Amino acid sequence: MAEINFLPGPVKISRQVRTALSADAFSHRSEAFSRLYEQCSDMLLRLGKSKHVVLLMGSGTAANAMVAQELKKLSGKGLILSNGEFGERLISQGTKAGLDFDRYALNWGEAFALEEMKERLENKSWLWLVHCETSVGAINLDEQLVAYCKAQNIKLCLDSVSAFGNQEVDFSDVYLASSSSGKGLCSFYGIALVFYNHEPERAPGGCDYLDLAVYHEAASVPFTFSSNLLNALSMALRITDYQKKFKQNAKHALRVKEWIAANGLHAPLRARQADYIWTIAVPEKIPSAVLGARLKENGLWIHFKNRYLLENNWIQIALMGTGGTKEVSAGLDLFERELRALRRSGGG
């Protein structure tokens, strides 16, 4: 039986993108690379509705490290939000980068109230938050917050690693937004993305590899770059109809919501639910590790091995790759069958 991928990464990748990755490598100093880089950047900017984007070798964490170094150039104090694992990581990165900020941390899955954020943003110069908090499937950004930051001249920064490519985004009023070539863009991990709309200045100290201005001033890329990964990302951007994907995600979301209710499950979430990733609390008598292992044995890959999932007896299903409606239905049917079997056996 063909494997079904419900992982938030690595996601299911199309044959065309896999073929593009395996093409002969060429120099990142060549004209061919410069053309490919420019084409890829143009497609990313249209999808993100941003003025500029830089690409560097690394994961989404590397992109966030670049955001942290860019924030260090600013005067004034900031605010970092957290309602899950990746918000906590932003706080950790901000602390280690030596940023001057307050933190506003809620219980995982709780929703941020705009009026409360307004109070905490008083006399702040920047705000950094996770666009889609992957650990709980929460959407933390809305138009009112974007409008408020713009009106108050607060520089809004987003960790959009999970959101970009999985939902409609508009970075035109965002100071910095980070993402990655994996997850929603349906390509391989390895390219970090940072979107921005200002003219960056060089950092007086720090690391050149993470200095946005170094990339902004370069004609193409300032450091070694994999043509294979760029070729794969370019192919994914060319062949994926992202608007169609967003609409498909919304349809899948209705199906998954009904499925969760029909199986007596619940999501530990009080914020707005994303259309493409769900964290589900497994019934107490069933260890999430046992359920995840049984699903894997039967060809369904779900996310269950992360520390925070195991500690809470949670699992995650994500629909970020190139799977269709039939695959989603087959995966949910398989999940339901194994869940019922474990319930009958008292947990396995």
# chains A, B, ... in the order shown; residues from 1 in each chain; ligands from 1
>>> residues_around(residues="Leu129 of chain A", least_positions_apart="5", cutoff="9 Å", atoms="only C-alpha atoms", output="list in words")
Leu79, Ile80, Leu81, Ser82, Gly87, Leu90, Asn140, Leu141, Leu156, Cys157, Leu158, Asp159 and Ser160 of chain A
>>> residues_around(residues="segment 182-199 of chain A", least_positions_apart="6", cutoff="6 Å", atoms="only C-alpha atoms", output="list of chain:residue names")
A:Gly9, A:Val11, A:Ile13, A:Lys51, A:His52, A:Val53, A:Val54, A:Leu55, A:Leu56, A:Met57, A:Gly58, A:Ser59, A:Gly60, A:Ala63, A:Gly165, A:Asn166, A:Tyr175, A:Leu176, A:Leu233, A:Ala236, A:Met320, A:Gly321
>>> residues_around(residues="Ile302 of chain A", least_positions_apart="2", cutoff="8 Å", atoms="only C-alpha atoms", output="list in words")
Asn5, Phe6, Leu7, Gly292, Leu295, Lys296, Leu300, Phe304, Ile315, Gln316, Ile317 and Ala318 of chain A
>>> write_last_selection(atoms="N, CA and C atoms", output="mmCIF file, in the first residue's frame")
data_model
loop_
_atom_site.group_PDB
_atom_site.id
_atom_site.type_symbol
_atom_site.label_atom_id
_atom_site.label_comp_id
_atom_site.auth_asym_id
_atom_site.auth_seq_id
_atom_site.Cartn_x
_atom_site.Cartn_y
_atom_site.Cartn_z
ATOM 1 N N ASN A 5 1.077 10.631 3.658
ATOM 2 C CA ASN A 5 1.882 11.558 4.447
ATOM 3 C C ASN A 5 1.000 12.641 5.062
ATOM 4 N N PHE A 6 0.800 12.546 6.388
ATOM 5 C CA PHE A 6 0.094 13.591 7.143
ATOM 6 C C PHE A 6 1.078 14.328 8.058
ATOM 7 N N LEU A 7 2.335 14.398 7.667
ATOM 8 C CA LEU A 7 3.356 15.066 8.467
ATOM 9 C C LEU A 7 3.412 16.560 8.138
ATOM 10 N N GLY A 292 0.568 6.249 17.101
ATOM 11 C CA GLY A 292 1.417 6.715 16.007
ATOM 12 C C GLY A 292 2.203 5.597 15.361
ATOM 13 N N LEU A 295 -0.132 3.389 13.224
ATOM 14 C CA LEU A 295 -0.476 4.055 11.966
ATOM 15 C C LEU A 295 0.699 4.001 10.989
ATOM 16 N N LYS A 296 1.892 4.204 11.499
ATOM 17 C CA LYS A 296 3.077 4.149 10.640
ATOM 18 C C LYS A 296 3.247 2.762 10.039
ATOM 19 N N LEU A 300 0.442 5.090 7.295
ATOM 20 C CA LEU A 300 0.005 6.478 7.514
ATOM 21 C C LEU A 300 1.022 7.171 8.415
ATOM 22 N N PHE A 304 4.020 12.484 15.850
ATOM 23 C CA PHE A 304 3.743 12.107 17.236
ATOM 24 C C PHE A 304 4.993 11.991 18.094
ATOM 25 N N ILE A 315 -1.296 13.903 19.138
ATOM 26 C CA ILE A 315 -0.757 13.611 17.805
ATOM 27 C C ILE A 315 -1.143 14.783 16.897
ATOM 28 N N GLN A 316 -0.495 14.845 15.753
ATOM 29 C CA GLN A 316 -0.822 15.889 14.775
ATOM 30 C C GLN A 316 -1.034 15.276 13.404
ATOM 31 N N ILE A 317 -2.007 15.827 12.698
ATOM 32 C CA ILE A 317 -2.150 15.519 11.285
ATOM 33 C C ILE A 317 -2.045 16.833 10.513
ATOM 34 N N ALA A 318 -1.271 16.808 9.455
ATOM 35 C CA ALA A 318 -1.037 18.012 8.662
ATOM 36 C C ALA A 318 -1.274 17.704 7.189
#
>>> atom_distance(atom1="atom CA of Glu297 of chain A", atom2="atom CA of Ser180 of chain A")
29.3 Å
>>> select_by_dssp(residues="segment 5-158 of chain A", states="alpha helix (DSSP H)", output="PyMOL selection string")
chain A and resi 15-21+31-48+60-71+85-96+114-120+143-151
>>> closest_residue(among="A:Ser220, A:Gln273, A:Thr322, A:Asn298", to="Ser27 of chain A", atoms="only C-alpha atoms")
A:Ser220
>>> closest_residue(among="A:Ile260, A:Ala97, A:Ala271, A:Ile4", to="Leu339 of chain A", atoms="only C-alpha atoms")
A:Ile260
>>> residues_around(residues="Cys40 of chain A", least_positions_apart="4", cutoff="10 Å", atoms="only C-alpha atoms", output="list in words")
Ser34, Arg35, Leu36, Leu44, Leu45, Leu55, Leu230, Asn231, Leu233, Ser234, Met235, Ala236, Leu237 and Arg238 of chain A
>>> write_last_selection(atoms="C-alpha atoms", output="CSV table (one decimal), in the first residue's frame")
chain,number,residue,atom,x,y,z
A,34,SER,CA,21.5,34.2,-11.1
A,35,ARG,CA,18.6,33.9,-13.5
A,36,LEU,CA,17.1,31.0,-11.5
A,44,LEU,CA,8.0,34.2,-3.9
A,45,LEU,CA,7.3,37.9,-3.8
A,55,LEU,CA,17.2,33.2,0.4
A,230,LEU,CA,16.9,26.2,-5.7
A,231,ASN,CA,16.0,24.2,-8.8
A,233,LEU,CA,12.0,25.1,-5.1
A,234,SER,CA,11.6,26.9,-8.4
A,235,MET,CA,9.8,23.8,-9.9
A,236,ALA,CA,7.5,23.7,-6.9
A,237,LEU,CA,6.6,27.3,-7.3
A,238,ARG,CA,6.0,26.9,-11.0
>>> residues_around(residues="Ala111 of chain A", least_positions_apart="3", cutoff="12 Å", atoms="only C-alpha atoms", output="list of chain:residue names")
A:Leu81, A:Ser82, A:Asn83, A:Gly84, A:Tyr104, A:Ala105, A:Leu106, A:Asn107, A:Trp108, A:Leu114, A:Glu115, A:Glu116, A:Met117, A:Cys132, A:Glu133, A:Val136, A:Gly137, A:Ala138, A:Ile139, A:Asn140, A:Leu141, A:Asp142, A:Pro268, A:Leu269, A:Arg270, A:Ala271, A:Arg272, A:Gln273
>>> write_last_selection(atoms="C-alpha atoms", output="PDB file, in the first residue's frame")
ATOM      1  CA  LEU A  81       4.138  36.489  21.903  1.00  0.00           C
ATOM      2  CA  SER A  82       3.867  32.806  22.759  1.00  0.00           C
ATOM      3  CA  ASN A  83       0.979  30.347  22.930  1.00  0.00           C
ATOM      4  CA  GLY A  84       2.888  27.215  21.944  1.00  0.00           C
ATOM      5  CA  TYR A 104       3.412  37.824  26.568  1.00  0.00           C
ATOM      6  CA  ALA A 105       2.965  34.081  27.058  1.00  0.00           C
ATOM      7  CA  LEU A 106      -0.393  32.312  27.253  1.00  0.00           C
ATOM      8  CA  ASN A 107      -1.243  28.678  27.870  1.00  0.00           C
ATOM      9  CA  TRP A 108      -0.755  26.619  24.725  1.00  0.00           C
ATOM     10  CA  LEU A 114      -6.373  42.409  20.673  1.00  0.00           C
ATOM     11  CA  GLU A 115      -7.180  44.823  23.508  1.00  0.00           C
ATOM     12  CA  GLU A 116      -4.735  43.073  25.813  1.00  0.00           C
ATOM     13  CA  MET A 117      -2.063  43.185  23.118  1.00  0.00           C
ATOM     14  CA  CYS A 132       0.565  29.758  12.589  1.00  0.00           C
ATOM     15  CA  GLU A 133       1.595  28.130  15.880  1.00  0.00           C
ATOM     16  CA  VAL A 136      -1.375  23.557  18.416  1.00  0.00           C
ATOM     17  CA  GLY A 137      -2.574  24.555  14.930  1.00  0.00           C
ATOM     18  CA  ALA A 138      -3.419  28.124  16.014  1.00  0.00           C
ATOM     19  CA  ILE A 139      -3.665  31.102  13.674  1.00  0.00           C
ATOM     20  CA  ASN A 140      -2.388  34.094  15.664  1.00  0.00           C
ATOM     21  CA  LEU A 141      -2.483  36.857  13.056  1.00  0.00           C
ATOM     22  CA  ASP A 142      -5.524  38.829  11.951  1.00  0.00           C
ATOM     23  CA  PRO A 268      -6.602  21.468  22.678  1.00  0.00           C
ATOM     24  CA  LEU A 269      -7.174  24.831  21.041  1.00  0.00           C
ATOM     25  CA  ARG A 270      -9.156  27.965  21.851  1.00  0.00           C
ATOM     26  CA  ALA A 271      -7.594  30.175  19.197  1.00  0.00           C
ATOM     27  CA  ARG A 272      -8.530  30.137  15.501  1.00  0.00           C
ATOM     28  CA  GLN A 273      -7.865  26.745  13.915  1.00  0.00           C
TER      29      GLN A 273
END
>>> residues_around(residues="Glu336 of chain A", least_positions_apart="2", cutoff="12 Å", atoms="only C-alpha atoms", output="short mmCIF file (atom, residue, chain, number, x, y, z; two decimals) with N, CA and C atoms, in the first residue's frame")
data_model
loop_
_atom_site.label_atom_id
_atom_site.label_comp_id
_atom_site.auth_asym_id
_atom_site.auth_seq_id
_atom_site.Cartn_x
_atom_site.Cartn_y
_atom_site.Cartn_z
N VAL A 256 -12.07 17.27 8.18
CA VAL A 256 -11.35 16.88 9.38
C VAL A 256 -12.13 17.27 10.63
N TRP A 259 -14.73 14.77 11.15
CA TRP A 259 -14.11 13.50 11.51
C TRP A 259 -13.71 13.50 12.99
N ILE A 260 -13.13 14.60 13.46
CA ILE A 260 -12.73 14.71 14.87
C ILE A 260 -13.94 14.56 15.78
N ALA A 261 -15.03 15.26 15.44
CA ALA A 261 -16.25 15.18 16.26
C ALA A 261 -16.86 13.78 16.23
N ALA A 262 -16.88 13.17 15.05
CA ALA A 262 -17.50 11.84 14.90
C ALA A 262 -16.75 10.77 15.69
N ASN A 263 -15.45 11.00 15.93
CA ASN A 263 -14.65 10.01 16.65
C ASN A 263 -14.44 10.37 18.13
N GLY A 264 -15.20 11.35 18.60
CA GLY A 264 -15.13 11.71 20.01
C GLY A 264 -13.80 12.27 20.45
N LEU A 265 -13.10 12.94 19.53
CA LEU A 265 -11.80 13.52 19.83
C LEU A 265 -11.94 15.04 20.00
N LEU A 291 -0.38 4.63 19.21
CA LEU A 291 -1.23 4.94 18.06
C LEU A 291 -0.39 5.37 16.87
N ARG A 294 1.42 2.36 15.30
CA ARG A 294 0.53 1.47 14.55
C ARG A 294 0.13 2.09 13.22
N LEU A 295 -0.13 3.39 13.22
CA LEU A 295 -0.48 4.06 11.97
C LEU A 295 0.70 4.00 10.99
N LEU A 300 0.44 5.09 7.29
CA LEU A 300 0.01 6.48 7.51
C LEU A 300 1.02 7.17 8.41
N SER A 329 -9.09 11.23 2.56
CA SER A 329 -10.16 10.33 3.03
C SER A 329 -9.60 8.97 3.42
N ALA A 330 -8.67 8.45 2.62
CA ALA A 330 -8.07 7.15 2.93
C ALA A 330 -7.30 7.20 4.23
N GLY A 331 -6.57 8.29 4.45
CA GLY A 331 -5.80 8.44 5.67
C GLY A 331 -6.68 8.53 6.90
N LEU A 332 -7.75 9.31 6.81
CA LEU A 332 -8.67 9.43 7.94
C LEU A 332 -9.38 8.12 8.24
N ASP A 333 -9.73 7.38 7.19
CA ASP A 333 -10.37 6.07 7.38
C ASP A 333 -9.43 5.11 8.09
N LEU A 334 -8.16 5.10 7.69
CA LEU A 334 -7.18 4.24 8.33
C LEU A 334 -6.98 4.64 9.79
N GLU A 338 -7.70 2.18 13.18
CA GLU A 338 -6.72 1.87 14.21
C GLU A 338 -7.14 2.42 15.57
N LEU A 339 -7.78 3.58 15.57
CA LEU A 339 -8.26 4.16 16.82
C LEU A 339 -9.32 3.27 17.46
N ARG A 340 -10.23 2.77 16.65
CA ARG A 340 -11.28 1.88 17.17
C ARG A 340 -10.68 0.58 17.70
N ALA A 341 -9.69 0.05 17.00
CA ALA A 341 -9.04 -1.19 17.44
C ALA A 341 -8.36 -1.00 18.79
N LEU A 342 -7.71 0.13 18.98
CA LEU A 342 -7.04 0.40 20.25
C LEU A 342 -8.05 0.65 21.38
N ARG A 343 -9.15 1.25 21.04
CA ARG A 343 -10.20 1.45 22.06
C ARG A 343 -10.77 0.08 22.51
#
